[in-house]
Amino acid sequence: MSNRRPFDPRLLRRVPATRRHLAVLGLLGVGAAALVITQATALATVLAEAIHGRLDRTALAVFVVTVAARAGLVWAQGVVAARSAAAVKAALRVDLLDAVGRRGPGWLAGQRAGTIATLTGRGLDALDAYFTGYLPQLVLSVTVPIAVLARLTFADWSSALIVAVTLPLIPIFGALLGWQAQAATERQWRRLSRLGGHFLDMVAGLPTLRAFGRARAQVDVVRRMADGHRRATMSTLRIAFLSALVLELVATLSVALVAVPIGLRLLGGGLTLQTALLVLLLTPEAYLPLRAAGSRFHASMEGLTALDEALTLSTREKPGPGATATPREAAATPAPGGAIRLESVTVDYGRTVALRDVSLTIRPGERIAVVGPSGAGKSTLLGLLLGFVTPTGGRVVTGADRWPATGDEPGLVLVDGAGPADVDLDAWRRRIAWVPQRAHLFAASLADNIRLGHPDAPADAVRRAVHAANLDDVVLGLPDGLDTLLGERGHGLSSGQRQRVALARAFLRVEFAGPEPLILLDEPTARLDGAAEAVVLDATRRLVVGRTALLVAHRPALLREADRVLRVDDGTVRELTPDRPTPDVVATA
């Protein structure tokens, strides 16, 4: 467990707008310190004159204006702090999503989606208490005590000495209690993350749980996890309440150490009434920001824990084999056409080697089918071409023109195990139409799900894609046609219909991808019955005709559309035969 710092300097690098907000808070803090001194001086003057039956109207007017100005400063601090919190949360959420995309599907598959969702939502929302409560008080705890000590030094140096000696006691006791609170808060956050992750996983797998009669048992598990989170929260609150009591006690005793000598000296005539009142009014102001900062620090601990986790997760690291390839800063946009060449590519995930020293060239307009047993490396091969996987050795080059590869052809590096890529991966992926094994459909209209292939596509283009994907009958059967809202993961559509929606996306993508797009199909007919497979195959034939395509397939019908057939087995790739594979060969794949 590392000690939690009051402010994480990584924020200044990740969210540059925080510098401006902190500067404004600093200026407001200086203004607040000046107003504290002015208010106490004016009030002491008014009270001292009132004892003698006089009213100092000027001092009273200054006091009223100062009170109004302090109220305005508090409002301004709240506005600046709220804007800073909103800017930081928005920037960190963007960074988190970018980090998830950068680390790639291979990394994401090993994470609990619920934990990341909890961090991105509830976790970062807890930063509100830090920015709107603790941070302004942290600034005031620097400016106000310094200003008060300076003013007390000129008014009564002995009182200033007592304040200077007792003032550090508050942060010392706050730090001692803070270490305990940090451990309790981290336990609370871990329990909340596990609860969120488990609950999301349970909801996603509810049909399976009900089929096996385990739904009620999982309800009991969630209840126990929620009770554990409740106990952790109450433990954190106990420490927070104890901390507030200790800080209040220290501050009260410190003020008493100043007030008692002041009273005795005032009775003895060694101090004027106005000076005594000024000291008594200023002394609590010196302790107030530190006391408030200590109390609000505990309320912001959950947000600080989430902030540390978010900054750590979004830190740029050297990509591993499961990470998305990293382009150079001046990455180029790949020109259409040209061969795609794999040069001695090896992908080692640590626990297994997905590809071993693979060399392969995909020529323009060529349709290549890839077969092999599950886990042989077929999906890794597609991941390389998508830029989702970084090889541990070798590289993938696009734009190479000659066959066979000799190692010195021109081209741009798409992914490279030795360093960043030459290609703008976003521009590269805009040329790719990808149909995965299980296409994800979102809780949006059917048209919007298809427009994922090209978000700005007009309605006519969407209808053409629907027709090309043999999706017309599905659209006609929906209550609102293309405007029908689908459930999450395409609930309400069959597996074959969901695959046709994915094919419609692909048709839309190739229409706007420019010349010579690349088609990647990852077993589009898997888990489909004969009738659904025939419809999907008909659409697939139209999609790949005359285009460069890589098809991962197990069914003989799909292999007949290929110009070449490659077999991936235990990470190695070999060409089966120039002739069409027989059904027996496919069955062994």
# chains A, B, ... in the order shown; residues from 1 in each chain; ligands from 1
>>> residues_around(residues="Arg341 of chain A", least_positions_apart="3", cutoff="6 Å", atoms="only C-alpha atoms", output="tab-separated table (two decimals) with C-alpha atoms, in the first residue's frame")
chain	number	residue	atom	x	y	z
A	360	LEU	CA	2.83	-15.03	-46.03
A	361	THR	CA	1.85	-12.69	-48.83
A	396	VAL	CA	3.48	-7.06	-41.23
A	397	VAL	CA	3.97	-4.79	-44.24
>>> residues_around(residues="Pro524 of chain A", least_positions_apart="6", cutoff="12 Å", atoms="only C-alpha atoms", output="MDAnalysis selection string")
chainID A and resid 434:439 495:503 506 532:541 550:555 557:558
>>> residues_around(residues="Gly263 of chain A", least_positions_apart="2", cutoff="12 Å", atoms="only C-alpha atoms", output="list in words")
Ser159, Ala256, Leu257, Val258, Ala259, Val260, Pro261, Arg265, Leu266, Leu267, Gly268, Gly269, Gly270, Leu271, Thr272, Leu273, Thr275, Ala276, Leu277, Val279 and Leu280 of chain A
>>> write_last_selection(atoms="C-alpha atoms", output="compact mmCIF listing (two decimals), in the first residue's frame")
# COMPACT_ATOMS: atom_id res chain seq x y z
CA SER A 159 0.03 34.46 20.21
CA ALA A 256 -7.75 27.63 24.10
CA LEU A 257 -3.97 27.88 24.47
CA VAL A 258 -4.20 31.26 22.77
CA ALA A 259 -7.45 32.47 24.34
CA VAL A 260 -6.53 31.88 28.00
CA PRO A 261 -3.33 34.00 27.97
CA ARG A 265 -3.34 39.77 29.71
CA LEU A 266 -6.45 41.75 28.84
CA LEU A 267 -7.57 41.71 32.49
CA GLY A 268 -4.09 42.76 33.57
CA GLY A 269 -4.10 45.68 31.15
CA GLY A 270 -1.23 44.35 29.08
CA LEU A 271 -3.28 44.22 25.90
CA THR A 272 -5.82 46.52 24.25
CA LEU A 273 -9.36 45.28 23.65
CA THR A 275 -5.92 43.69 19.66
CA ALA A 276 -7.35 40.96 21.92
CA LEU A 277 -10.49 40.74 19.80
CA VAL A 279 -6.31 37.73 17.95
CA LEU A 280 -9.37 35.82 19.15
>>> select_by_dssp(residues="segment 355-514 of chain A", states="helix (DSSP H, G or I)", output="count of residues only")
62
>>> residues_around(residues="Ile519 of chain A", least_positions_apart="5", cutoff="6 Å", atoms="only C-alpha atoms", output="ChimeraX atom specification")
/A:432-433,549
>>> write_last_selection(atoms="N, CA and C atoms", output="CSV table (one decimal), in the first residue's frame")
chain,number,residue,atom,x,y,z
A,432,ILE,N,-11.1,-1.7,-44.0
A,432,ILE,CA,-11.3,-3.1,-43.6
A,432,ILE,C,-12.8,-3.3,-43.3
A,433,ALA,N,-13.4,-4.3,-43.9
A,433,ALA,CA,-14.7,-4.8,-43.6
A,433,ALA,C,-14.5,-6.1,-42.8
A,549,ALA,N,-9.6,-10.8,-49.8
A,549,ALA,CA,-10.4,-11.3,-48.6
A,549,ALA,C,-9.6,-12.4,-47.9
>>> residues_around(residues="Ala504 of chain A", least_positions_apart="3", cutoff="10 Å", atoms="only C-alpha atoms", output="ChimeraX atom specification")
/A:435,447,449-453,462-471,498-501,507-509,539,543
>>> residues_around(residues="Val255 of chain A", least_positions_apart="3", cutoff="10 Å", atoms="only C-alpha atoms", output="compact mmCIF listing (two decimals) with N, CA, C and O atoms, in the first residue's frame")
# COMPACT_ATOMS: atom_id res chain seq x y z
N SER A 159 1.15 35.27 20.72
CA SER A 159 0.03 34.46 20.21
C SER A 159 0.40 33.82 18.88
O SER A 159 0.05 32.66 18.62
N ILE A 162 2.41 30.71 19.56
CA ILE A 162 1.60 29.56 19.99
C ILE A 162 0.90 28.93 18.77
O ILE A 162 0.86 27.69 18.63
N VAL A 163 0.34 29.76 17.92
CA VAL A 163 -0.34 29.25 16.72
C VAL A 163 0.66 28.52 15.82
O VAL A 163 0.36 27.43 15.28
N THR A 166 1.38 25.03 17.42
CA THR A 166 0.26 24.07 17.47
C THR A 166 -0.33 23.78 16.09
O THR A 166 -0.99 22.75 15.92
N LEU A 167 -0.12 24.66 15.14
CA LEU A 167 -0.74 24.48 13.80
C LEU A 167 -0.34 23.16 13.14
O LEU A 167 -1.19 22.47 12.57
N LEU A 249 -10.88 18.34 18.36
CA LEU A 249 -10.32 18.44 19.71
C LEU A 249 -8.97 19.17 19.69
O LEU A 249 -8.71 20.05 20.53
N VAL A 250 -8.12 18.81 18.72
CA VAL A 250 -6.81 19.47 18.62
C VAL A 250 -6.97 20.96 18.33
O VAL A 250 -6.31 21.81 18.95
N ALA A 251 -7.86 21.29 17.41
CA ALA A 251 -8.08 22.70 17.07
C ALA A 251 -8.65 23.48 18.26
O ALA A 251 -8.22 24.61 18.54
N THR A 252 -9.57 22.86 18.99
CA THR A 252 -10.19 23.54 20.14
C THR A 252 -9.15 23.80 21.23
O THR A 252 -9.08 24.90 21.81
N VAL A 258 -4.35 29.85 23.13
CA VAL A 258 -4.20 31.26 22.77
C VAL A 258 -5.17 32.12 23.57
O VAL A 258 -4.83 33.21 24.08
N ALA A 259 -6.40 31.64 23.74
CA ALA A 259 -7.45 32.47 24.34
C ALA A 259 -7.21 32.72 25.83
O ALA A 259 -7.45 33.84 26.33
N VAL A 260 -6.72 31.71 26.56
CA VAL A 260 -6.53 31.88 28.00
C VAL A 260 -5.49 32.96 28.30
O VAL A 260 -5.74 33.88 29.11
N LEU A 280 -8.36 36.86 18.93
CA LEU A 280 -9.37 35.82 19.15
C LEU A 280 -10.19 35.52 17.90
O LEU A 280 -10.65 34.39 17.72
N LEU A 282 -8.96 35.89 14.71
CA LEU A 282 -8.09 35.33 13.67
C LEU A 282 -7.61 33.91 14.00
O LEU A 282 -7.40 33.09 13.10
N THR A 283 -7.42 33.62 15.29
CA THR A 283 -6.85 32.31 15.66
C THR A 283 -7.68 31.14 15.14
O THR A 283 -7.12 30.20 14.52
N PRO A 284 -9.02 31.11 15.32
CA PRO A 284 -9.78 29.97 14.75
C PRO A 284 -9.70 29.90 13.23
O PRO A 284 -9.76 28.79 12.66
N GLU A 285 -9.55 31.06 12.58
CA GLU A 285 -9.45 31.06 11.12
C GLU A 285 -8.19 30.36 10.65
O GLU A 285 -8.16 29.80 9.55
N ALA A 286 -7.13 30.37 11.47
CA ALA A 286 -5.89 29.68 11.07
C ALA A 286 -6.07 28.18 11.04
O ALA A 286 -5.50 27.47 10.20
N TYR A 287 -6.86 27.66 11.98
CA TYR A 287 -7.06 26.20 12.08
C TYR A 287 -8.20 25.69 11.19
O TYR A 287 -8.21 24.51 10.83
>>> closest_residue(among="A:Thr132, A:Ala90, A:Glu366, A:Val64", to="Ala76 of chain A", atoms="only C-alpha atoms")
A:Thr132
>>> residues_around(residues="Leu22 of chain A", least_positions_apart="6", cutoff="10 Å", atoms="only C-alpha atoms", output="ChimeraX atom specification")
/A:12,28,80-81,84,135-136,139
>>> write_last_selection(atoms="N, CA, C and O atoms", output="short mmCIF file (atom, residue, chain, number, x, y, z; two decimals), in the first residue's frame")
data_model
loop_
_atom_site.label_atom_id
_atom_site.label_comp_id
_atom_site.auth_asym_id
_atom_site.auth_seq_id
_atom_site.Cartn_x
_atom_site.Cartn_y
_atom_site.Cartn_z
N LEU A 12 -1.60 16.86 -13.83
CA LEU A 12 -1.17 18.03 -14.59
C LEU A 12 -0.72 17.64 -15.99
O LEU A 12 -0.88 18.42 -16.93
N LEU A 28 -7.93 32.69 -5.97
CA LEU A 28 -9.09 32.83 -5.09
C LEU A 28 -8.71 32.58 -3.63
O LEU A 28 -9.25 33.22 -2.72
N VAL A 80 -15.39 26.93 -10.10
CA VAL A 80 -14.12 26.50 -10.69
C VAL A 80 -13.84 25.04 -10.36
O VAL A 80 -13.41 24.26 -11.22
N ALA A 81 -14.10 24.64 -9.10
CA ALA A 81 -13.85 23.26 -8.71
C ALA A 81 -14.76 22.29 -9.46
O ALA A 81 -14.32 21.21 -9.89
N SER A 84 -13.50 21.97 -12.97
CA SER A 84 -12.28 21.16 -12.97
C SER A 84 -12.62 19.68 -12.83
O SER A 84 -12.05 18.84 -13.54
N LEU A 135 -10.03 19.84 -2.49
CA LEU A 135 -9.01 20.64 -3.17
C LEU A 135 -9.11 22.13 -2.83
O LEU A 135 -8.08 22.77 -2.55
N PRO A 136 -10.31 22.75 -2.85
CA PRO A 136 -10.37 24.16 -2.43
C PRO A 136 -9.89 24.38 -1.00
O PRO A 136 -9.21 25.37 -0.71
N VAL A 139 -6.10 24.36 -0.83
CA VAL A 139 -5.51 25.65 -1.22
C VAL A 139 -5.64 26.65 -0.07
O VAL A 139 -4.68 27.36 0.27
#
>>> closest_residue(among="A:Leu311, A:Ala215, A:Arg291, A:Leu247", to="Val88 of chain A", atoms="only C-alpha atoms")
A:Leu311
>>> closest_residue(among="A:Ala150, A:Leu124, A:Leu290, A:Leu476", to="Asp308 of chain A", atoms="only C-alpha atoms")
A:Leu124
